[in-house]
>>> print(open('upload_8.json').read())   # JSON, C-alpha atoms and all ligand atoms
[["chain", "number", "residue", "atom", "x", "y", "z"],
["A", 1, "MET", "CA", -0.47, -4.68, 6.26],
["A", 2, "PHE", "CA", -1.59, -5.33, 9.82],
["A", 3, "TRP", "CA", -2.30, -1.74, 10.80],
["A", 4, "ASN", "CA", -4.41, -0.76, 7.82],
["A", 5, "ARG", "CA", -7.99, -1.25, 8.82],
["A", 6, "ALA", "CA", -11.14, 0.77, 8.56],
["A", 7, "ARG", "CA", -13.53, -1.34, 10.59],
["A", 8, "ARG", "CA", -17.14, -0.55, 9.89],
["A", 9, "ASP", "CA", -18.38, -2.59, 12.85],
["A", 10, "GLY", "CA", -16.27, -0.91, 15.49],
["A", 11, "GLY", "CA", -14.19, -4.08, 15.67],
["A", 12, "LYS", "CA", -16.90, -6.03, 17.42],
["A", 13, "SER", "CA", -18.24, -9.35, 16.26],
["A", 14, "GLU", "CA", -21.93, -9.83, 15.79],
["A", 15, "GLY", "CA", -23.49, -10.75, 19.12],
["A", 16, "GLU", "CA", -20.65, -9.18, 21.14],
["A", 17, "PRO", "CA", -21.83, -6.37, 23.44],
["A", 18, "GLY", "CA", -21.79, -3.09, 21.56],
["A", 19, "ALA", "CA", -21.66, -4.67, 18.11],
["A", 20, "ARG", "CA", -23.72, -3.00, 15.42],
["A", 21, "PRO", "CA", -26.95, -4.96, 15.13],
["A", 22, "PRO", "CA", -27.54, -6.72, 11.82],
["A", 23, "GLU", "CA", -29.57, -4.66, 9.37],
["A", 24, "PRO", "CA", -33.24, -5.42, 10.00],
["A", 25, "ALA", "CA", -35.16, -7.14, 7.25],
["A", 26, "VAL", "CA", -37.81, -4.95, 5.58],
["A", 27, "SER", "CA", -40.92, -5.42, 7.69],
["A", 28, "ALA", "CA", -44.46, -4.14, 8.07],
["A", 29, "PRO", "CA", -44.84, -0.82, 9.92],
["A", 30, "PRO", "CA", -45.44, -1.20, 13.68],
["A", 31, "GLU", "CA", -49.05, -1.36, 14.71],
["A", 32, "THR", "CA", -48.79, 1.11, 17.58],
["A", 33, "SER", "CA", -48.37, 4.84, 17.08],
["A", 34, "ALA", "CA", -45.81, 5.10, 19.90],
["A", 35, "PRO", "CA", -42.83, 7.25, 18.89],
["A", 36, "ALA", "CA", -39.88, 5.26, 17.62],
["A", 37, "PRO", "CA", -37.12, 4.97, 20.23],
["A", 38, "GLU", "CA", -34.10, 7.22, 19.76],
["A", 39, "PRO", "CA", -31.45, 5.34, 17.79],
["A", 40, "GLU", "CA", -28.45, 4.22, 19.82],
["A", 41, "PRO", "CA", -25.69, 6.79, 19.30],
["A", 42, "ASP", "CA", -22.90, 5.44, 17.15],
["A", 43, "VAL", "CA", -20.21, 5.61, 19.78],
["A", 44, "LEU", "CA", -17.28, 5.85, 17.43],
["A", 45, "THR", "CA", -18.46, 8.25, 14.75],
["A", 46, "ASP", "CA", -19.96, 10.49, 17.45],
["A", 47, "ILE", "CA", -16.63, 11.02, 19.22],
["A", 48, "PRO", "CA", -14.30, 13.61, 17.67],
["A", 49, "ARG", "CA", -10.87, 12.31, 16.73],
["A", 50, "ILE", "CA", -9.14, 14.72, 19.11],
["A", 51, "GLN", "CA", -10.82, 13.10, 22.11],
["A", 52, "TYR", "CA", -8.04, 10.56, 21.88],
["A", 53, "LYS", "CA", -8.62, 9.09, 25.34],
["A", 54, "ARG", "CA", -12.33, 8.40, 24.73],
["A", 55, "VAL", "CA", -11.75, 7.06, 21.24],
["A", 56, "TRP", "CA", -8.98, 4.66, 22.22],
["A", 57, "ASP", "CA", -10.52, 3.60, 25.52],
["A", 58, "SER", "CA", -13.60, 2.69, 23.55],
["A", 59, "LEU", "CA", -11.57, 0.74, 20.96],
["A", 60, "SER", "CA", -9.81, -1.25, 23.67],
["A", 61, "ASP", "CA", -12.73, -2.16, 25.92],
["A", 62, "THR", "CA", -11.86, -5.85, 25.60],
["A", 63, "ARG", "CA", -8.51, -7.57, 25.15],
["A", 64, "ILE", "CA", -9.59, -8.96, 21.79],
["A", 65, "ARG", "CA", -10.74, -5.58, 20.44],
["A", 66, "ALA", "CA", -7.53, -3.95, 21.63],
["A", 67, "MET", "CA", -5.52, -6.61, 19.78],
["A", 68, "GLN", "CA", -7.59, -6.10, 16.62],
["A", 69, "TYR", "CA", -7.00, -2.36, 16.65],
["A", 70, "VAL", "CA", -3.29, -2.72, 17.28],
["A", 71, "VAL", "CA", -2.39, -5.75, 15.18],
["A", 72, "GLY", "CA", -5.47, -6.29, 13.00],
["A", 73, "SER", "CA", -5.71, -9.80, 14.43],
["A", 74, "ASP", "CA", -6.67, -11.45, 17.70],
["A", 75, "ARG", "CA", -4.06, -14.19, 17.32],
["A", 76, "GLU", "CA", -1.26, -14.11, 19.85],
["A", 77, "GLN", "CA", 1.21, -15.43, 17.24],
["A", 78, "ASP", "CA", 0.49, -12.35, 15.07],
["A", 79, "VAL", "CA", 1.23, -10.05, 18.01],
["A", 80, "ARG", "CA", 4.58, -11.75, 18.47],
["A", 81, "SER", "CA", 5.61, -12.04, 14.82],
["A", 82, "THR", "CA", 4.77, -8.40, 14.00],
["A", 83, "ALA", "CA", 6.63, -7.30, 17.15],
["A", 84, "LYS", "CA", 9.71, -9.15, 15.93],
["A", 85, "GLU", "CA", 9.53, -7.23, 12.63],
["A", 86, "THR", "CA", 9.22, -3.88, 14.45],
["A", 87, "VAL", "CA", 12.19, -4.68, 16.68],
["A", 88, "GLN", "CA", 14.27, -5.52, 13.59],
["A", 89, "ILE", "CA", 13.35, -2.17, 12.06],
["A", 90, "LEU", "CA", 14.31, -0.33, 15.24],
["A", 91, "ALA", "CA", 17.61, -2.25, 15.35],
["A", 92, "ARG", "CA", 18.38, -1.21, 11.75],
["A", 93, "THR", "CA", 17.39, 2.44, 12.24],
["A", 94, "VAL", "CA", 17.87, 3.89, 15.73],
["A", 95, "GLY", "CA", 19.57, 0.85, 17.27],
["A", 96, "PHE", "CA", 19.54, 0.00, 20.99],
["A", 97, "SER", "CA", 21.49, -1.90, 23.60],
["A", 98, "ASP", "CA", 20.91, -3.50, 26.98],
["A", 99, "THR", "CA", 22.32, -0.40, 28.73],
["A", 100, "GLN", "CA", 19.72, 1.93, 27.22],
["A", 101, "THR", "CA", 16.28, 3.23, 28.18],
["A", 102, "MET", "CA", 13.66, 3.11, 25.43],
["A", 103, "LEU", "CA", 10.34, 4.91, 25.36],
["A", 104, "GLU", "CA", 7.39, 4.18, 23.05],
["A", 105, "ILE", "CA", 4.80, 6.88, 22.35],
["A", 106, "GLY", "CA", 1.43, 5.13, 21.85],
["A", 107, "CYS", "CA", 2.50, 1.68, 23.04],
["A", 108, "GLY", "CA", -0.95, 0.09, 22.90],
["A", 109, "ILE", "CA", -1.07, -3.43, 24.32],
["A", 110, "GLY", "CA", 2.73, -3.57, 24.74],
["A", 111, "ARG", "CA", 3.20, -5.52, 21.49],
["A", 112, "VAL", "CA", 6.70, -4.09, 20.90],
["A", 113, "GLY", "CA", 7.58, -3.73, 24.58],
["A", 114, "GLN", "CA", 7.16, -7.46, 25.12],
["A", 115, "ALA", "CA", 9.95, -8.09, 22.61],
["A", 116, "LEU", "CA", 12.12, -5.08, 23.54],
["A", 117, "ALA", "CA", 12.10, -5.13, 27.34],
["A", 118, "PRO", "CA", 14.31, -8.25, 27.55],
["A", 119, "VAL", "CA", 16.99, -6.56, 25.40],
["A", 120, "CYS", "CA", 17.13, -3.03, 26.84],
["A", 121, "ARG", "CA", 17.78, -1.59, 30.30],
["A", 122, "GLU", "CA", 14.30, -0.14, 30.78],
["A", 123, "TRP", "CA", 11.27, 0.01, 28.48],
["A", 124, "ILE", "CA", 8.73, 2.79, 29.09],
["A", 125, "GLY", "CA", 5.38, 2.34, 27.38],
["A", 126, "CYS", "CA", 3.29, 5.51, 27.12],
["A", 127, "ASP", "CA", -0.25, 5.73, 25.81],
["A", 128, "VAL", "CA", -3.25, 8.05, 25.98],
["A", 129, "SER", "CA", -5.58, 5.14, 26.75],
["A", 130, "GLY", "CA", -5.68, 3.80, 30.29],
["A", 131, "ARG", "CA", -7.45, 0.71, 28.95],
["A", 132, "MET", "CA", -4.71, -0.02, 26.41],
["A", 133, "LEU", "CA", -2.23, 0.30, 29.26],
["A", 134, "GLU", "CA", -4.21, -2.23, 31.33],
["A", 135, "HIS", "CA", -3.85, -4.72, 28.48],
["A", 136, "ALA", "CA", -0.14, -3.89, 28.28],
["A", 137, "ARG", "CA", 0.17, -4.38, 32.05],
["A", 138, "ALA", "CA", -1.39, -7.84, 31.82],
["A", 139, "ARG", "CA", 0.80, -8.78, 28.86],
["A", 140, "LEU", "CA", 4.00, -7.58, 30.56],
["A", 141, "GLN", "CA", 3.21, -8.93, 34.01],
["A", 142, "GLY", "CA", 6.36, -10.16, 35.68],
["A", 143, "VAL", "CA", 8.71, -8.27, 33.34],
["A", 144, "PRO", "CA", 10.74, -6.22, 35.82],
["A", 145, "ASN", "CA", 12.19, -3.40, 33.69],
["A", 146, "VAL", "CA", 8.88, -2.03, 32.38],
["A", 147, "ARG", "CA", 7.14, 1.25, 33.25],
["A", 148, "LEU", "CA", 3.72, 2.22, 31.90],
["A", 149, "VAL", "CA", 2.67, 5.85, 31.72],
["A", 150, "GLU", "CA", -0.72, 7.33, 30.82],
["A", 151, "LEU", "CA", -0.43, 10.42, 28.61],
["A", 152, "SER", "CA", -2.59, 13.48, 28.09],
["A", 153, "GLY", "CA", -2.74, 12.81, 24.34],
["A", 154, "TYR", "CA", -0.32, 15.56, 23.32],
["A", 155, "ASP", "CA", 2.76, 15.54, 25.56],
["A", 156, "LEU", "CA", 5.19, 13.44, 27.61],
["A", 157, "GLN", "CA", 4.75, 15.54, 30.74],
["A", 158, "PRO", "CA", 5.47, 12.72, 33.29],
["A", 159, "ILE", "CA", 8.88, 12.02, 31.67],
["A", 160, "ASP", "CA", 11.96, 13.93, 32.84],
["A", 161, "ASP", "CA", 14.11, 16.01, 30.47],
["A", 162, "GLN", "CA", 17.13, 14.22, 28.97],
["A", 163, "SER", "CA", 16.33, 10.89, 30.60],
["A", 164, "ILE", "CA", 15.83, 8.58, 27.57],
["A", 165, "ASP", "CA", 18.20, 7.03, 25.00],
["A", 166, "VAL", "CA", 15.70, 6.04, 22.29],
["A", 167, "VAL", "CA", 12.16, 7.31, 21.67],
["A", 168, "TYR", "CA", 10.05, 5.68, 18.97],
["A", 169, "CYS", "CA", 6.49, 6.04, 17.75],
["A", 170, "THR", "CA", 5.16, 3.44, 15.34],
["A", 171, "ILE", "CA", 1.67, 3.08, 13.81],
["A", 172, "VAL", "CA", 0.43, 6.07, 15.81],
["A", 173, "PHE", "CA", 0.89, 9.25, 13.73],
["A", 174, "MET", "CA", -1.91, 8.17, 11.34],
["A", 175, "HIS", "CA", -4.34, 8.51, 14.25],
["A", 176, "LEU", "CA", -3.18, 11.99, 15.33],
["A", 177, "GLU", "CA", -3.82, 15.51, 14.10],
["A", 178, "GLU", "CA", -0.77, 17.32, 12.77],
["A", 179, "TRP", "CA", -0.38, 19.48, 15.90],
["A", 180, "GLU", "CA", -0.20, 16.48, 18.19],
["A", 181, "ARG", "CA", 2.25, 14.82, 15.82],
["A", 182, "TYR", "CA", 4.62, 17.78, 16.03],
["A", 183, "ASN", "CA", 4.09, 18.16, 19.78],
["A", 184, "TYR", "CA", 5.26, 14.58, 20.30],
["A", 185, "VAL", "CA", 8.33, 15.18, 18.11],
["A", 186, "CYS", "CA", 9.21, 18.21, 20.28],
["A", 187, "GLU", "CA", 8.55, 16.20, 23.43],
["A", 188, "ALA", "CA", 10.72, 13.36, 22.18],
["A", 189, "PHE", "CA", 13.51, 15.90, 21.67],
["A", 190, "ARG", "CA", 13.03, 17.22, 25.22],
["A", 191, "VAL", "CA", 13.17, 13.81, 26.96],
["A", 192, "LEU", "CA", 16.09, 12.44, 24.92],
["A", 193, "ARG", "CA", 19.61, 12.66, 26.26],
["A", 194, "PRO", "CA", 22.09, 14.49, 24.01],
["A", 195, "GLY", "CA", 22.90, 12.08, 21.18],
["A", 196, "GLY", "CA", 19.63, 10.17, 21.77],
["A", 197, "ARG", "CA", 17.70, 8.78, 18.79],
["A", 198, "PHE", "CA", 14.12, 9.15, 17.57],
["A", 199, "TYR", "CA", 12.13, 7.01, 15.13],
["A", 200, "VAL", "CA", 8.67, 7.69, 13.66],
["A", 201, "ASP", "CA", 6.54, 6.34, 10.82],
["A", 202, "ASN", "CA", 3.26, 6.94, 9.04],
["A", 203, "PHE", "CA", 1.59, 5.84, 5.83],
["A", 204, "THR", "CA", 2.14, 8.11, 2.87],
["A", 205, "ILE", "CA", 0.05, 8.83, -0.21],
["A", 206, "CYS", "CA", 3.29, 9.13, -2.20],
["A", 207, "THR", "CA", 3.40, 5.41, -3.00],
["A", 208, "ASP", "CA", 0.85, 3.20, -4.77],
["A", 209, "GLU", "CA", 0.31, 1.17, -1.58],
["A", 210, "GLY", "CA", -0.35, 4.31, 0.47],
["A", 211, "TRP", "CA", -2.59, 5.78, -2.21],
["A", 212, "LYS", "CA", -4.73, 2.62, -2.08],
["A", 213, "ILE", "CA", -5.35, 3.23, 1.63],
["A", 214, "PHE", "CA", -6.30, 6.84, 0.95],
["A", 215, "GLU", "CA", -8.73, 5.76, -1.78],
["A", 216, "THR", "CA", -10.32, 3.15, 0.49],
["A", 217, "HIS", "CA", -10.95, 5.79, 3.14],
["A", 218, "ARG", "CA", -12.18, 8.33, 0.57],
["A", 219, "ARG", "CA", -15.06, 6.00, -0.26],
["A", 220, "PHE", "CA", -16.66, 6.56, 3.17],
["A", 221, "LEU", "CA", -19.13, 9.41, 3.48],
["A", 222, "PRO", "CA", -17.59, 12.12, 5.69],
["A", 223, "GLY", "CA", -19.96, 11.38, 8.59],
["A", 224, "ASP", "CA", -19.23, 7.65, 8.40],
["A", 225, "ARG", "CA", -15.48, 7.92, 8.98],
["A", 226, "GLU", "CA", -14.55, 6.67, 12.42],
["A", 227, "PRO", "CA", -12.37, 9.02, 14.47],
["A", 228, "GLN", "CA", -9.33, 6.74, 14.48],
["A", 229, "ILE", "CA", -9.27, 6.42, 10.68],
["A", 230, "SER", "CA", -5.71, 6.60, 9.35],
["A", 231, "LYS", "CA", -4.55, 9.92, 7.89],
["A", 232, "SER", "CA", -1.28, 10.10, 5.98],
["A", 233, "SER", "CA", 1.95, 12.08, 6.22],
["A", 234, "THR", "CA", 4.21, 13.12, 3.37],
["A", 235, "PRO", "CA", 7.94, 12.56, 3.82],
["A", 236, "GLN", "CA", 8.28, 16.38, 3.73],
["A", 237, "GLU", "CA", 5.91, 16.74, 6.67],
["A", 238, "LEU", "CA", 7.88, 14.35, 8.88],
["A", 239, "GLU", "CA", 11.20, 15.86, 7.79],
["A", 240, "THR", "CA", 9.93, 19.34, 8.66],
["A", 241, "TYR", "CA", 8.84, 18.25, 12.15],
["A", 242, "LEU", "CA", 12.19, 16.61, 12.88],
["A", 243, "ARG", "CA", 14.25, 19.55, 11.62],
["A", 244, "ARG", "CA", 12.08, 22.17, 13.31],
["A", 245, "ALA", "CA", 12.31, 20.30, 16.63],
["A", 246, "GLY", "CA", 16.13, 20.36, 16.40],
["A", 247, "PHE", "CA", 16.96, 16.81, 15.30],
["A", 248, "VAL", "CA", 20.02, 16.25, 13.09],
["A", 249, "ASP", "CA", 21.37, 13.52, 10.84],
["A", 250, "LEU", "CA", 17.92, 12.75, 9.45],
["A", 251, "LYS", "CA", 17.45, 9.50, 7.58],
["A", 252, "THR", "CA", 14.43, 8.15, 5.77],
["A", 253, "ARG", "CA", 13.16, 5.06, 4.01],
["A", 254, "ILE", "CA", 9.93, 4.20, 2.26],
["A", 255, "ASP", "CA", 8.62, 0.66, 2.73],
["A", 256, "GLY", "CA", 5.43, -0.02, 0.85],
["A", 257, "ALA", "CA", 2.81, 2.32, 2.28],
["A", 258, "LEU", "CA", 5.03, 3.51, 5.12],
["A", 259, "VAL", "CA", 7.45, 6.39, 5.31],
["A", 260, "ARG", "CA", 9.95, 6.00, 8.12],
["A", 261, "TYR", "CA", 12.14, 8.78, 9.57],
["A", 262, "TRP", "CA", 14.82, 8.59, 12.20],
["A", 263, "ALA", "CA", 17.34, 11.10, 13.55],
["A", 264, "HIS", "CA", 19.61, 12.13, 16.43],
["A", 265, "LYS", "CA", 19.42, 14.81, 19.06],
["A", 266, "PRO", "CA", 22.72, 16.76, 18.82],
["A", 267, "ARG", "CA", 25.38, 15.83, 21.40],
["B", 1, "LIG", "C1", -2.56, 1.21, 16.18],
["B", 1, "LIG", "S1", -2.13, 1.34, 17.87],
["B", 1, "LIG", "C2", -0.37, 1.05, 17.81],
["B", 1, "LIG", "C3", 0.18, 0.57, 19.14],
["B", 1, "LIG", "C4", 1.67, 0.30, 19.16],
["B", 1, "LIG", "N1", 2.43, 1.45, 18.77],
["B", 1, "LIG", "C5", 2.02, -0.88, 18.29],
["B", 1, "LIG", "O1", 2.60, -0.65, 17.21],
["B", 1, "LIG", "O2", 1.78, -2.00, 18.69],
["B", 1, "LIG", "C6", -2.22, 3.10, 18.17],
["B", 1, "LIG", "C7", -1.98, 3.45, 19.62],
["B", 1, "LIG", "O3", -1.84, 4.86, 19.73],
["B", 1, "LIG", "C8", -2.50, 5.28, 20.90],
["B", 1, "LIG", "N2", -2.84, 6.69, 20.76],
["B", 1, "LIG", "C9", -3.83, 7.23, 20.01],
["B", 1, "LIG", "N3", -3.85, 8.56, 20.15],
["B", 1, "LIG", "C10", -2.84, 8.88, 21.01],
["B", 1, "LIG", "C11", -2.36, 10.11, 21.55],
["B", 1, "LIG", "N4", -2.91, 11.28, 21.24],
["B", 1, "LIG", "N5", -1.32, 10.05, 22.39],
["B", 1, "LIG", "C12", -0.74, 8.87, 22.72],
["B", 1, "LIG", "N6", -1.16, 7.68, 22.25],
["B", 1, "LIG", "C13", -2.20, 7.68, 21.40],
["B", 1, "LIG", "C14", -3.72, 4.37, 20.99],
["B", 1, "LIG", "O4", -4.27, 4.33, 22.27],
["B", 1, "LIG", "C15", -3.12, 3.05, 20.54],
["B", 1, "LIG", "O5", -2.63, 2.33, 21.62]]
>>> encode(input="upload_8.json", output="structure tokens")
Amino acid sequence: MFWNRARRDGGKSEGEPGARPPEPAVSAPPETSAPAPEPEPDVLTDIPRIQYKRVWDSLSDTRIRAMQYVVGSDREQDVRSTAKETVQILARTVGFSDTQTMLEIGCGIGRVGQALAPVCREWIGCDVSGRMLEHARARLQGVPNVRLVELSGYDLQPIDDQSIDVVYCTIVFMHLEEWERYNYVCEAFRVLRPGGRFYVDNFTICTDEGWKIFETHRRFLPGDREPQISKSSTPQELETYLRRAGFVDLKTRIDGALVRYWAHKPR
């Protein structure tokens, strides 16, 4: 499961700038009585989850770290193979064609956009992190039908009403608070044309695979949980958001740890 990680080292390798230093060996007390230096703040656990921009800019400070937080791997072939899987899921759920405009909420490094842009009219990648978008820009350089948009973290304000055919949001809701989740569902509804389609997923504690993730994260002490740690949704939660926002023809599927929902905006 490429998205299920709870990195204790902030994703950095030993020796890389910003990596947690190795635990010091037990040693004799220092000979001077000078006060001990203030410990380096733990960048990640010190930032509240809702400061989405700071959290995700910090997680994507290098191309390799950004890849690790999006794909769980720094191998280019993993970026491409997982993107292929996501595109197949979108094809089977919301569908798309080369005449349609697609928008991704939380596009990260443009993993999915790289595979989708060649098969749709326009691909719009939106993300709260300017740094993630820089990595996406580099990845999608030379692809003409791509637009990248930096978000506030809770809305799609730069996107016009009724201008999009398909909005999707994958491997993002686990990093959001419930209010932002619902805000994005409402915003997806606003920007979709009548008849447009919306897809969303999250991990759920309602399956054994999802419960395992929850248990793994439960083992951390509360103060040790990093702000991006994955939090689940129940199928009922996602269904409620979609219905309350006005979507119709709701469909759902559970795949391992993931609950997927997709629906239409009425015509
Ligand atoms: C695990 S990555 C998934 C990226 C992409 N959806 C994919 O599947 O390749 C989560 C992404 O969500 C973005 N994100 C986190 N909080 C966000 C928010 N409040 N609004 C928009 N994007 C957000 C992060 O910057 C990151 O790029």
>>> closest_atom_pairs(input="upload_8.json", of="chain A", to="ligand LIG 1 (chain B)", cutoff="6 Å", atoms="all atoms listed in the file", output="tab-separated table")
residue	atom	partner	partner_atom	distance
A:Tyr52	CA	B:LIG1	N3	5.0
A:Trp56	CA	B:LIG1	O4	4.7
A:Tyr69	CA	B:LIG1	C1	5.7
A:Val70	CA	B:LIG1	C1	4.1
A:Ile105	CA	B:LIG1	C12	5.9
A:Gly106	CA	B:LIG1	N6	3.7
A:Cys107	CA	B:LIG1	C4	4.2
A:Gly108	CA	B:LIG1	O5	3.1
A:Arg111	CA	B:LIG1	O2	4.7
A:Val112	CA	B:LIG1	O2	5.8
A:Asp127	CA	B:LIG1	N6	4.2
A:Val128	CA	B:LIG1	C12	4.2
A:Ser129	CA	B:LIG1	O4	4.7
A:Met132	CA	B:LIG1	O5	5.7
A:Gly153	CA	B:LIG1	N4	3.5
A:Tyr154	CA	B:LIG1	N4	5.4
A:Thr170	CA	B:LIG1	N1	4.8
A:Ile171	CA	B:LIG1	C2	4.9
A:Val172	CA	B:LIG1	C6	4.6
A:His175	CA	B:LIG1	N3	5.9
A:Leu176	CA	B:LIG1	N3	6.0
>>> atom_distance(input="upload_8.json", atom1="atom CA of Ser58 of chain A", atom2="atom CA of Leu116 of chain A")
26.9 Å
>>> residues_around(input="upload_8.json", residues="Met174 of chain A", least_positions_apart="4", cutoff="7 Å", atoms="all atoms listed in the file", output="list in words")
Asn202, Phe203, Ser230, Lys231 and Ser232 of chain A
>>> closest_residue(input="upload_8.json", among="A:Leu250, A:Ile50, A:Leu103, A:Ala117", to="Leu192 of chain A", atoms="all atoms listed in the file")
A:Leu103
>>> atom_distance(input="upload_8.json", atom1="atom CA of Ile109 of chain A", atom2="atom CA of Ala188 of chain A")
20.6 Å
>>> closest_residue(input="upload_8.json", among="A:Arg197, A:Lys53, A:Arg139, A:Lys212", to="Leu151 of chain A", atoms="all atoms listed in the file")
A:Lys53
>>> closest_residue(input="upload_8.json", among="A:Thr204, A:Gln228, A:Gln162, A:Thr252", to="Leu44 of chain A", atoms="only C-alpha atoms")
A:Gln228
>>> residues_around(input="upload_8.json", residues="Gly256 of chain A", least_positions_apart="2", cutoff="12 Å", atoms="all atoms listed in the file", output="NGL selection string")
:A and (1 or 201-213 or 253-254 or 258-260)
>>> closest_residue(input="upload_8.json", among="A:Asp165, A:Glu226, A:Asp74, A:Glu239", to="Val94 of chain A", atoms="all atoms listed in the file")
A:Asp165
>>> atom_distance(input="upload_8.json", atom1="atom CA of Arg219 of chain A", atom2="atom CA of Ala257 of chain A")
18.4 Å
>>> closest_residue(input="upload_8.json", among="A:Arg243, A:Arg121, A:Arg181, A:Arg54", to="Ile164 of chain A", atoms="only C-alpha atoms")
A:Arg121
>>> closest_residue(input="upload_8.json", among="A:Arg63, A:Thr216, A:Gln77, A:Pro118", to="Ala136 of chain A", atoms="all atoms listed in the file")
A:Arg63
>>> residues_near_point(input="upload_8.json", point="(3.3, 4.8, 32.3)", cutoff="7 Å", atoms="all atoms listed in the file", output="compact mmCIF listing (two decimals) with C-alpha atoms, keeping the file's coordinate frame")
# COMPACT_ATOMS: atom_id res chain seq x y z
CA ILE A 124 8.73 2.79 29.09
CA GLY A 125 5.38 2.34 27.38
CA CYS A 126 3.29 5.51 27.12
CA ARG A 147 7.14 1.25 33.25
CA LEU A 148 3.72 2.22 31.90
CA VAL A 149 2.67 5.85 31.72
CA GLU A 150 -0.72 7.33 30.82
>>> axis_aligned_box(input="upload_8.json", around="segment 142-159 of chain A", padding_each_side="4 Å", output="lines of an AutoDock Vina configuration file")
center_x = 4.7
center_y = 2.7
center_z = 29.6
size_x = 22.9
size_y = 33.7
size_z = 20.5
>>> residues_near_point(input="upload_8.json", point="(12.6, 12.3, 22.1)", cutoff="10 Å", atoms="only C-alpha atoms", output="PDB file with C-alpha atoms, in the frame of the given file")
ATOM      1  CA  MET A 102      13.660   3.110  25.430  1.00  0.00           C
ATOM      2  CA  LEU A 103      10.340   4.910  25.360  1.00  0.00           C
ATOM      3  CA  GLU A 104       7.390   4.180  23.050  1.00  0.00           C
ATOM      4  CA  ILE A 105       4.800   6.880  22.350  1.00  0.00           C
ATOM      5  CA  LEU A 156       5.190  13.440  27.610  1.00  0.00           C
ATOM      6  CA  ASP A 161      14.110  16.010  30.470  1.00  0.00           C
ATOM      7  CA  GLN A 162      17.130  14.220  28.970  1.00  0.00           C
ATOM      8  CA  SER A 163      16.330  10.890  30.600  1.00  0.00           C
ATOM      9  CA  ILE A 164      15.830   8.580  27.570  1.00  0.00           C
ATOM     10  CA  ASP A 165      18.200   7.030  25.000  1.00  0.00           C
ATOM     11  CA  VAL A 166      15.700   6.040  22.290  1.00  0.00           C
ATOM     12  CA  VAL A 167      12.160   7.310  21.670  1.00  0.00           C
ATOM     13  CA  TYR A 168      10.050   5.680  18.970  1.00  0.00           C
ATOM     14  CA  CYS A 169       6.490   6.040  17.750  1.00  0.00           C
ATOM     15  CA  TYR A 184       5.260  14.580  20.300  1.00  0.00           C
ATOM     16  CA  VAL A 185       8.330  15.180  18.110  1.00  0.00           C
ATOM     17  CA  CYS A 186       9.210  18.210  20.280  1.00  0.00           C
ATOM     18  CA  GLU A 187       8.550  16.200  23.430  1.00  0.00           C
ATOM     19  CA  ALA A 188      10.720  13.360  22.180  1.00  0.00           C
ATOM     20  CA  PHE A 189      13.510  15.900  21.670  1.00  0.00           C
ATOM     21  CA  ARG A 190      13.030  17.220  25.220  1.00  0.00           C
ATOM     22  CA  VAL A 191      13.170  13.810  26.960  1.00  0.00           C
ATOM     23  CA  LEU A 192      16.090  12.440  24.920  1.00  0.00           C
ATOM     24  CA  ARG A 193      19.610  12.660  26.260  1.00  0.00           C
ATOM     25  CA  PRO A 194      22.090  14.490  24.010  1.00  0.00           C
ATOM     26  CA  GLY A 196      19.630  10.170  21.770  1.00  0.00           C
ATOM     27  CA  ARG A 197      17.700   8.780  18.790  1.00  0.00           C
ATOM     28  CA  PHE A 198      14.120   9.150  17.570  1.00  0.00           C
ATOM     29  CA  TYR A 199      12.130   7.010  15.130  1.00  0.00           C
ATOM     30  CA  ALA A 245      12.310  20.300  16.630  1.00  0.00           C
ATOM     31  CA  PHE A 247      16.960  16.810  15.300  1.00  0.00           C
ATOM     32  CA  ALA A 263      17.340  11.100  13.550  1.00  0.00           C
ATOM     33  CA  HIS A 264      19.610  12.130  16.430  1.00  0.00           C
ATOM     34  CA  LYS A 265      19.420  14.810  19.060  1.00  0.00           C
TER      35      LYS A 265
END
>>> decode(input="upload_8.json", residues="segment 101-109 of chain A", atoms="N, CA and C atoms", output="mmCIF file, in the first residue's frame")
data_model
loop_
_atom_site.group_PDB
_atom_site.id
_atom_site.type_symbol
_atom_site.label_atom_id
_atom_site.label_comp_id
_atom_site.auth_asym_id
_atom_site.auth_seq_id
_atom_site.Cartn_x
_atom_site.Cartn_y
_atom_site.Cartn_z
ATOM 1 N N THR A 101 -12.232 18.271 -19.310
ATOM 2 C CA THR A 101 -11.281 18.918 -18.399
ATOM 3 C C THR A 101 -11.352 18.201 -17.057
ATOM 4 N N MET A 102 -10.178 17.821 -16.538
ATOM 5 C CA MET A 102 -10.112 17.088 -15.272
ATOM 6 C C MET A 102 -9.332 17.905 -14.260
ATOM 7 N N LEU A 103 -9.784 17.866 -13.030
ATOM 8 C CA LEU A 103 -9.125 18.625 -11.966
ATOM 9 C C LEU A 103 -8.829 17.693 -10.798
ATOM 10 N N GLU A 104 -7.579 17.737 -10.319
ATOM 11 C CA GLU A 104 -7.200 16.932 -9.142
ATOM 12 C C GLU A 104 -7.002 17.846 -7.940
ATOM 13 N N ILE A 105 -7.677 17.524 -6.844
ATOM 14 C CA ILE A 105 -7.483 18.246 -5.576
ATOM 15 C C ILE A 105 -6.358 17.536 -4.818
ATOM 16 N N GLY A 106 -5.262 18.246 -4.552
ATOM 17 C CA GLY A 106 -4.121 17.634 -3.858
ATOM 18 C C GLY A 106 -3.302 16.785 -4.814
ATOM 19 N N CYS A 107 -2.795 17.417 -5.875
ATOM 20 C CA CYS A 107 -2.164 16.657 -6.978
ATOM 21 C C CYS A 107 -0.727 16.252 -6.684
ATOM 22 N N GLY A 108 -0.128 16.817 -5.622
ATOM 23 C CA GLY A 108 1.236 16.440 -5.286
ATOM 24 C C GLY A 108 2.209 16.705 -6.424
ATOM 25 N N ILE A 109 3.036 15.705 -6.718
ATOM 26 C CA ILE A 109 4.105 15.866 -7.714
ATOM 27 C C ILE A 109 3.602 15.673 -9.146
#
